[in-house]
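Below is one structure, written out as structure tokens; comments come after it.
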Amino acid sequence: MKNTAAQLSAFIKNAYLGKNWVEVDFKNVLEDITLEEANTRFVPLNSIAGIVYHLDYYVSIVLGRLKGELLPSNANNGFDIQHAGSPEDWEELLIRFYRNVELFAAYVKDFDDQRLQDDFLDNKYGNNIYNIQGIVEHAYYHLGQIVLLKKMIRSKNFTK
């Protein structure tokens, strides 16, 4: 049986990269999203590109804080972009997104049980395991949004 940290690492990778029990993950959902689709926005909802940017932002913030860096979050909560400027920008965002998830999962994998219970920089933010699990929950929340946006964008019966 895997230790808790190894299981959390696997949960992170499964949510983002595949092989989870819900059979829906970012890698498969985003693989055929075009730049136009990534940038499509149904006001007041966010674009797919905006959601991916937001998720990448939070993975980076939590990873930095797990490493002891007090990285401040911004007022926009990582929703600084609503669209990607070019196909290359969209591809670079996805590459960075998956790379940061891999780094996050690899870093978490080696935590011992005590480190999982340690404060997340400050006890007002809860402990490390709470914040690591939060990344998984946050991922699935936004993955559902992306799946719905993709269906809306590709639907011939839906108006913007």
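Note on naming: chains are A, B, ... as they come in the structure tokens, residues start from 1 per chain, ligands start from 1 in the order shown.
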From stretch 69-147 of chain A, collect each residue whose DSSP state is alpha helix (DSSP H) and return the set as a compact mmCIF listing (two decimals) with N, CA and C atoms, in the first residue's frame.
```
# COMPACT_ATOMS: atom_id res chain seq x y z
N PRO A 87 -2.05 30.76 -31.07
CA PRO A 87 -2.00 29.31 -30.85
C PRO A 87 -0.75 28.91 -30.05
N GLU A 88 0.34 29.60 -30.28
CA GLU A 88 1.57 29.31 -29.54
C GLU A 88 1.42 29.65 -28.05
N ASP A 89 0.74 30.76 -27.75
CA ASP A 89 0.48 31.14 -26.35
C ASP A 89 -0.36 30.08 -25.66
N TRP A 90 -1.39 29.60 -26.35
CA TRP A 90 -2.27 28.57 -25.80
C TRP A 90 -1.48 27.29 -25.54
N GLU A 91 -0.65 26.89 -26.49
CA GLU A 91 0.17 25.69 -26.34
C GLU A 91 1.17 25.85 -25.19
N GLU A 92 1.79 27.02 -25.09
CA GLU A 92 2.73 27.28 -24.00
C GLU A 92 2.04 27.23 -22.64
N LEU A 93 0.83 27.78 -22.56
CA LEU A 93 0.06 27.72 -21.32
C LEU A 93 -0.18 26.28 -20.91
N LEU A 94 -0.58 25.44 -21.85
CA LEU A 94 -0.84 24.04 -21.55
C LEU A 94 0.43 23.31 -21.13
N ILE A 95 1.53 23.57 -21.81
CA ILE A 95 2.81 22.95 -21.45
C ILE A 95 3.21 23.33 -20.03
N ARG A 96 3.12 24.62 -19.70
CA ARG A 96 3.46 25.09 -18.36
C ARG A 96 2.52 24.48 -17.31
N PHE A 97 1.24 24.45 -17.63
CA PHE A 97 0.21 23.88 -16.77
C PHE A 97 0.55 22.43 -16.40
N TYR A 98 0.83 21.60 -17.38
CA TYR A 98 1.14 20.19 -17.12
C TYR A 98 2.49 20.03 -16.43
N ARG A 99 3.47 20.84 -16.80
CA ARG A 99 4.79 20.77 -16.16
C ARG A 99 4.67 21.10 -14.67
N ASN A 100 3.91 22.16 -14.35
CA ASN A 100 3.76 22.55 -12.94
C ASN A 100 3.01 21.50 -12.14
N VAL A 101 2.04 20.85 -12.76
CA VAL A 101 1.34 19.76 -12.08
C VAL A 101 2.29 18.61 -11.79
N GLU A 102 3.12 18.26 -12.76
CA GLU A 102 4.10 17.18 -12.57
C GLU A 102 5.08 17.54 -11.43
N LEU A 103 5.55 18.78 -11.42
CA LEU A 103 6.46 19.23 -10.36
C LEU A 103 5.78 19.17 -9.00
N PHE A 104 4.53 19.61 -8.95
CA PHE A 104 3.76 19.61 -7.71
C PHE A 104 3.58 18.17 -7.20
N ALA A 105 3.15 17.28 -8.07
CA ALA A 105 2.93 15.88 -7.67
C ALA A 105 4.24 15.23 -7.21
N ALA A 106 5.32 15.50 -7.91
CA ALA A 106 6.61 14.92 -7.54
C ALA A 106 7.09 15.44 -6.18
N TYR A 107 6.86 16.72 -5.93
CA TYR A 107 7.27 17.30 -4.66
C TYR A 107 6.48 16.71 -3.49
N VAL A 108 5.19 16.57 -3.66
CA VAL A 108 4.31 16.06 -2.61
C VAL A 108 4.59 14.59 -2.31
N LYS A 109 4.98 13.84 -3.30
CA LYS A 109 5.16 12.39 -3.18
C LYS A 109 6.08 11.98 -2.04
N ASP A 113 4.32 11.56 6.92
CA ASP A 113 3.03 11.86 7.55
C ASP A 113 3.09 13.12 8.41
N GLN A 114 4.20 13.34 9.09
CA GLN A 114 4.32 14.54 9.92
C GLN A 114 4.30 15.80 9.07
N ARG A 115 5.01 15.78 7.97
CA ARG A 115 5.05 16.97 7.11
C ARG A 115 3.67 17.26 6.52
N LEU A 116 2.89 16.23 6.24
CA LEU A 116 1.53 16.45 5.76
C LEU A 116 0.68 17.16 6.81
N GLN A 117 0.95 16.88 8.08
CA GLN A 117 0.18 17.48 9.17
C GLN A 117 0.70 18.86 9.58
N ASN A 128 -0.72 21.17 5.63
CA ASN A 128 -0.29 20.86 4.27
C ASN A 128 -1.26 19.92 3.55
N ILE A 129 -1.71 18.88 4.24
CA ILE A 129 -2.58 17.91 3.58
C ILE A 129 -3.90 18.56 3.15
N TYR A 130 -4.41 19.47 3.94
CA TYR A 130 -5.64 20.19 3.60
C TYR A 130 -5.46 20.97 2.31
N ASN A 131 -4.34 21.63 2.16
CA ASN A 131 -4.08 22.44 0.97
C ASN A 131 -3.74 21.59 -0.25
N ILE A 132 -3.06 20.48 -0.05
CA ILE A 132 -2.77 19.57 -1.16
C ILE A 132 -4.07 18.95 -1.67
N GLN A 133 -4.90 18.47 -0.77
CA GLN A 133 -6.19 17.91 -1.17
C GLN A 133 -7.06 18.99 -1.81
N GLY A 134 -6.92 20.22 -1.35
CA GLY A 134 -7.65 21.33 -1.96
C GLY A 134 -7.31 21.52 -3.42
N ILE A 135 -6.06 21.28 -3.79
CA ILE A 135 -5.67 21.38 -5.20
C ILE A 135 -6.42 20.34 -6.04
N VAL A 136 -6.60 19.15 -5.50
CA VAL A 136 -7.34 18.10 -6.21
C VAL A 136 -8.81 18.49 -6.35
N GLU A 137 -9.41 18.94 -5.25
CA GLU A 137 -10.82 19.33 -5.28
C GLU A 137 -11.04 20.51 -6.22
N HIS A 138 -10.16 21.48 -6.16
CA HIS A 138 -10.22 22.66 -7.02
C HIS A 138 -10.13 22.25 -8.49
N ALA A 139 -9.26 21.29 -8.77
CA ALA A 139 -9.09 20.81 -10.14
C ALA A 139 -10.40 20.22 -10.68
N TYR A 140 -11.03 19.36 -9.91
CA TYR A 140 -12.26 18.72 -10.39
C TYR A 140 -13.40 19.73 -10.52
N TYR A 141 -13.45 20.69 -9.63
CA TYR A 141 -14.47 21.75 -9.73
C TYR A 141 -14.36 22.45 -11.09
N HIS A 142 -13.14 22.89 -11.42
CA HIS A 142 -12.94 23.62 -12.67
C HIS A 142 -12.96 22.70 -13.89
N LEU A 143 -12.58 21.44 -13.73
CA LEU A 143 -12.67 20.51 -14.85
C LEU A 143 -14.12 20.37 -15.30
N GLY A 144 -15.03 20.30 -14.36
CA GLY A 144 -16.46 20.25 -14.71
C GLY A 144 -16.89 21.48 -15.48
N GLN A 145 -16.41 22.64 -15.09
CA GLN A 145 -16.73 23.86 -15.81
C GLN A 145 -16.20 23.81 -17.24
N ILE A 146 -14.98 23.34 -17.39
CA ILE A 146 -14.38 23.27 -18.73
C ILE A 146 -15.15 22.29 -19.61
N VAL A 147 -15.54 21.16 -19.07
CA VAL A 147 -16.32 20.19 -19.84
C VAL A 147 -17.62 20.82 -20.31
```
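Between atom CA of A:Lys150 and atom CA of A:Glu36 there is a distance of 11.2 Å.
Distances here use only C-alpha atoms; by that measure, the residue among A:Ala84, A:Ile51, A:Leu63, A:Ala10 closest to A:Leu35 is A:Ala84.
Compared by their closest atoms to A:Pro72, and using only C-alpha atoms, the residues A:Asp32, A:Leu121, A:Asp110, A:Ile48 rank with A:Leu121 nearest.
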Exercise: A:Ser73 partners within 10 Å, only C-alpha atoms, chain neighbours under 2 positions left out, as a PDB file with N, CA and C atoms, in the first residue's frame:
```
ATOM      1  N   TYR A  57      -1.946  28.967 -11.890  1.00  0.00           N
ATOM      2  CA  TYR A  57      -1.570  29.956 -10.882  1.00  0.00           C
ATOM      3  C   TYR A  57      -1.642  29.345  -9.479  1.00  0.00           C
ATOM      4  N   TYR A  58      -2.748  28.679  -9.163  1.00  0.00           N
ATOM      5  CA  TYR A  58      -2.904  28.115  -7.823  1.00  0.00           C
ATOM      6  C   TYR A  58      -1.966  26.954  -7.546  1.00  0.00           C
ATOM      7  N   ILE A  61       1.287  28.649  -6.715  1.00  0.00           N
ATOM      8  CA  ILE A  61       1.261  29.304  -5.398  1.00  0.00           C
ATOM      9  C   ILE A  61       1.376  28.269  -4.284  1.00  0.00           C
ATOM     10  N   VAL A  62       0.575  27.206  -4.361  1.00  0.00           N
ATOM     11  CA  VAL A  62       0.599  26.192  -3.302  1.00  0.00           C
ATOM     12  C   VAL A  62       1.944  25.475  -3.278  1.00  0.00           C
ATOM     13  N   LEU A  70       6.732  32.483   0.849  1.00  0.00           N
ATOM     14  CA  LEU A  70       5.484  33.199   1.084  1.00  0.00           C
ATOM     15  C   LEU A  70       5.116  33.954  -0.190  1.00  0.00           C
ATOM     16  N   LEU A  71       4.497  33.233  -1.109  1.00  0.00           N
ATOM     17  CA  LEU A  71       4.069  33.835  -2.370  1.00  0.00           C
ATOM     18  C   LEU A  71       2.680  34.409  -2.166  1.00  0.00           C
ATOM     19  N   ALA A  75      -5.258  39.816  -6.189  1.00  0.00           N
ATOM     20  CA  ALA A  75      -6.680  40.136  -6.055  1.00  0.00           C
ATOM     21  C   ALA A  75      -7.525  39.453  -7.125  1.00  0.00           C
ATOM     22  N   ASN A  76      -6.914  39.115  -8.251  1.00  0.00           N
ATOM     23  CA  ASN A  76      -7.646  38.465  -9.338  1.00  0.00           C
ATOM     24  C   ASN A  76      -7.714  36.947  -9.172  1.00  0.00           C
ATOM     25  N   ASN A  77      -7.078  36.405  -8.131  1.00  0.00           N
ATOM     26  CA  ASN A  77      -7.055  34.961  -7.893  1.00  0.00           C
ATOM     27  C   ASN A  77      -6.582  34.163  -9.099  1.00  0.00           C
ATOM     28  N   GLY A  78      -5.672  34.728  -9.853  1.00  0.00           N
ATOM     29  CA  GLY A  78      -5.127  34.025 -11.001  1.00  0.00           C
ATOM     30  C   GLY A  78      -6.007  34.095 -12.233  1.00  0.00           C
TER      31      GLY A  78
END
```
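If only C-alpha atoms are the atoms counted, then among A:Leu45, A:Phe120, A:Phe26, A:Ala6 the closest residue to A:Gly64 is A:Phe120.
When only C-alpha atoms are used to compute distances to A:Arg154, the closest of the residues A:Glu37, A:Glu69, A:Glu23, A:Glu31 turns out to be A:Glu37.
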